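A.B. asks: File follows, entry-v7.pdb with PDB, C-alpha atoms, pLDDT in the B column:
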```
MODEL        1
ATOM      1  CA  MET A1166     132.312 166.504  96.048  1.00 69.00           C
ATOM      2  CA  VAL A1167     135.491 168.095  97.347  1.00 68.00           C
ATOM      3  CA  GLU A1168     134.377 167.821 100.949  1.00 70.00           C
ATOM      4  CA  GLY A1169     133.481 164.192 100.360  1.00 71.00           C
ATOM      5  CA  TYR A1170     136.856 163.484  98.787  1.00 70.00           C
ATOM      6  CA  GLY A1171     138.486 164.830 101.940  1.00 73.00           C
ATOM      7  CA  ARG A1172     136.638 162.088 103.783  1.00 70.00           C
ATOM      8  CA  SER A1173     137.338 159.411 101.202  1.00 69.00           C
ATOM      9  CA  THR A1174     139.144 157.311 103.787  1.00 72.00           C
ATOM     10  CA  TYR A1175     135.657 156.307 104.859  1.00 78.00           C
ATOM     11  CA  ARG A1176     133.815 154.774 101.912  1.00 82.00           C
ATOM     12  CA  ASN A1177     130.303 155.407 103.192  1.00 85.00           C
ATOM     13  CA  ASP A1178     131.046 159.056 104.013  1.00 86.00           C
ATOM     14  CA  TYR A1179     132.443 159.587 100.539  1.00 87.00           C
ATOM     15  CA  ILE A1180     129.392 158.026  98.898  1.00 89.00           C
ATOM     16  CA  ARG A1181     127.102 160.070 101.131  1.00 90.00           C
ATOM     17  CA  PHE A1182     128.768 163.297  99.986  1.00 89.00           C
ATOM     18  CA  LEU A1183     128.516 162.212  96.356  1.00 91.00           C
ATOM     19  CA  ILE A1184     124.783 161.756  96.945  1.00 92.00           C
ATOM     20  CA  TYR A1185     124.611 165.228  98.542  1.00 92.00           C
ATOM     21  CA  SER A1186     126.410 166.639  95.525  1.00 91.00           C
ATOM     22  CA  HIS A1187     123.907 165.000  93.199  1.00 92.00           C
ATOM     23  CA  ALA A1188     120.988 166.366  95.234  1.00 94.00           C
ATOM     24  CA  SER A1189     122.482 169.879  95.262  1.00 93.00           C
ATOM     25  CA  ASN A1190     122.883 169.705  91.516  1.00 94.00           C
ATOM     26  CA  ASP A1191     119.220 168.724  91.132  1.00 94.00           C
ATOM     27  CA  GLU A1192     118.240 171.601  93.394  1.00 96.00           C
ATOM     28  CA  THR A1193     120.210 174.044  91.269  1.00 94.00           C
ATOM     29  CA  ILE A1194     118.484 172.767  88.121  1.00 95.00           C
ATOM     30  CA  ASN A1195     115.141 173.348  89.818  1.00 95.00           C
ATOM     31  CA  HIS A1196     116.112 176.934  90.709  1.00 95.00           C
ATOM     32  CA  LEU A1197     117.228 177.597  87.144  1.00 94.00           C
ATOM     33  CA  GLU A1198     113.902 176.327  85.828  1.00 94.00           C
ATOM     34  CA  LYS A1199     112.028 178.637  88.191  1.00 95.00           C
ATOM     35  CA  ILE A1200     114.125 181.588  87.029  1.00 94.00           C
ATOM     36  CA  MET A1201     113.333 180.693  83.413  1.00 93.00           C
ATOM     37  CA  ILE A1202     109.621 180.870  84.224  1.00 94.00           C
ATOM     38  CA  LEU A1203     109.865 184.079  86.252  1.00 95.00           C
ATOM     39  CA  TYR A1204     112.197 185.886  83.846  1.00 94.00           C
ATOM     40  CA  PRO A1205     111.420 184.682  80.322  1.00 93.00           C
ATOM     41  CA  ASN A1206     113.677 187.374  78.810  1.00 93.00           C
ATOM     42  CA  PHE A1207     116.673 185.528  80.253  1.00 89.00           C
ATOM     43  CA  SER A1208     115.400 182.004  79.669  1.00 90.00           C
ATOM     44  CA  LEU A1209     117.832 181.239  76.828  1.00 90.00           C
ATOM     45  CA  GLU A1210     120.844 182.015  79.027  1.00 90.00           C
ATOM     46  CA  PHE A1211     119.482 179.986  81.909  1.00 92.00           C
ATOM     47  CA  GLU A1212     118.541 177.124  79.596  1.00 93.00           C
ATOM     48  CA  THR A1213     122.218 176.868  78.660  1.00 93.00           C
ATOM     49  CA  LEU A1214     123.156 176.704  82.346  1.00 93.00           C
ATOM     50  CA  ARG A1215     120.469 174.125  83.012  1.00 94.00           C
ATOM     51  CA  ASN A1216     121.783 171.935  80.197  1.00 95.00           C
ATOM     52  CA  GLU A1217     125.317 172.165  81.604  1.00 95.00           C
ATOM     53  CA  TYR A1218     124.065 171.203  85.060  1.00 94.00           C
ATOM     54  CA  ASN A1219     122.172 168.257  83.542  1.00 94.00           C
ATOM     55  CA  THR A1220     125.423 167.083  81.965  1.00 95.00           C
ATOM     56  CA  LEU A1221     127.276 167.509  85.251  1.00 93.00           C
ATOM     57  CA  CYS A1222     124.540 165.604  87.084  1.00 92.00           C
ATOM     58  CA  GLY A1223     124.912 162.678  84.707  1.00 93.00           C
ATOM     59  CA  LYS A1224     128.679 162.610  85.147  1.00 93.00           C
ATOM     60  CA  ASN A1225     128.306 162.771  88.916  1.00 92.00           C
ATOM     61  CA  ASN A1226     125.876 159.860  88.828  1.00 93.00           C
ATOM     62  CA  ILE A1227     128.235 157.743  86.704  1.00 94.00           C
ATOM     63  CA  TYR A1228     131.131 158.511  89.044  1.00 91.00           C
ATOM     64  CA  LYS A1229     129.040 157.691  92.130  1.00 90.00           C
ATOM     65  CA  LYS A1230     128.107 154.322  90.623  1.00 92.00           C
ATOM     66  CA  TRP A1231     131.756 153.668  89.768  1.00 91.00           C
ATOM     67  CA  VAL A1232     132.838 154.383  93.359  1.00 88.00           C
ATOM     68  CA  ILE A1233     130.124 152.106  94.756  1.00 89.00           C
ATOM     69  CA  GLU A1234     131.021 149.236  92.410  1.00 89.00           C
ATOM     70  CA  ASN A1235     134.817 149.550  92.395  1.00 88.00           C
ATOM     71  CA  TRP A1236     135.834 150.819  95.820  1.00 77.00           C
ATOM     72  CA  ASN A1237     137.399 147.579  97.041  1.00 69.00           C
ATOM     73  CA  LYS A1238     138.553 146.362  93.623  1.00 67.00           C
ATOM     74  CA  ASN A1239     141.065 149.178  93.278  1.00 57.00           C
ATOM     75  CA  ASN A1240     142.162 149.319  96.923  1.00 55.00           C
ATOM     76  CA  LEU A1241     140.521 152.686  97.441  1.00 52.00           C
ATOM     77  CA  GLN A1242     139.826 151.949 101.071  1.00 49.00           C
TER      78      GLN A1242
ENDMDL
END
```
Could you rewrite the structure in this file as structure tokens?
C.D. replies:
Amino acid sequence: MVEGYGRSTYRNDYIRFLIYSHASNDETINHLEKIMILYPNFSLEFETLRNEYNTLCGKNNIYKKWVIENWNKNNLQ
């Protein structure tokens, strides 16, 4: 997201990096789920992390939608 914000002068670049951020978040959730299967003794700790990443993913998605819908309305060009 930070790299995308550095390119926020270009709307489509910014949105692209928000999409990358969302995809990276999903990938991290997938890795955490694999760890929970491979190391059940630590699954409670990793479940907490997974839940936090799920929350972050939702917030990222809401923000991405806001940028797409409001870019020109708020002179964010």
A.B. asks: If we count all atoms listed in the file, what is near A:Ser1189 at a cut-off of 12 Å, once residues fewer than 4 positions away on the same chain are taken out, given as a list in words?
C.D. replies: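 Residues meeting the cut-off are Met1166, Phe1182, Leu1183, Ile1184, Tyr1185, Thr1193, Ile1194, Asn1195, His1196, Tyr1218, Asn1219, Leu1221, Cys1222 and Asn1225 of chain A.
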A.B. asks: At a cut-off of 8 Å, using all atoms listed in the file, what residues contact stretch 1175-1180 of chain A? Leave out same-chain residues fewer than 2 positions from it and give the result as a list in words.
C.D. replies: Gly1169, Tyr1170, Arg1172, Ser1173, Phe1182, Leu1183, Ile1184, Lys1229, Val1232, Ile1233, Trp1236 and Gln1242 of chain A
A.B. asks: Find the distance between atom CA of A:Glu1217 and atom CA of A:Arg1181 and write it in Å to one decimal.
C.D. replies: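 These two atoms are separated by 23.0 Å.
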A.B. asks: Return the single residue from A:Leu1197, A:Glu1212, A:Asn1190, A:Leu1203 that is closest to A:Lys1224, with distances computed using only C-alpha atoms.
C.D. replies: A:Asn1190
A.B. asks: Starting from 5 Å padding per side, set up an axis-aligned box that covers all listed atoms of stretch 1194-1213 of chain A and hand over centre and edge lengths in Å, one decimal, as lines of an AutoDock Vina configuration file.
C.D. replies:
```
center_x = 115.9
center_y = 180.1
center_z = 83.8
size_x = 22.6
size_y = 24.6
size_z = 23.9
```
A.B. asks: Enter the distance from atom CA of A:Trp1231 to atom CA of A:His1187, in Å, rounded to one decimal.
C.D. replies: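 Computing it gives 14.2 Å between the two atoms.
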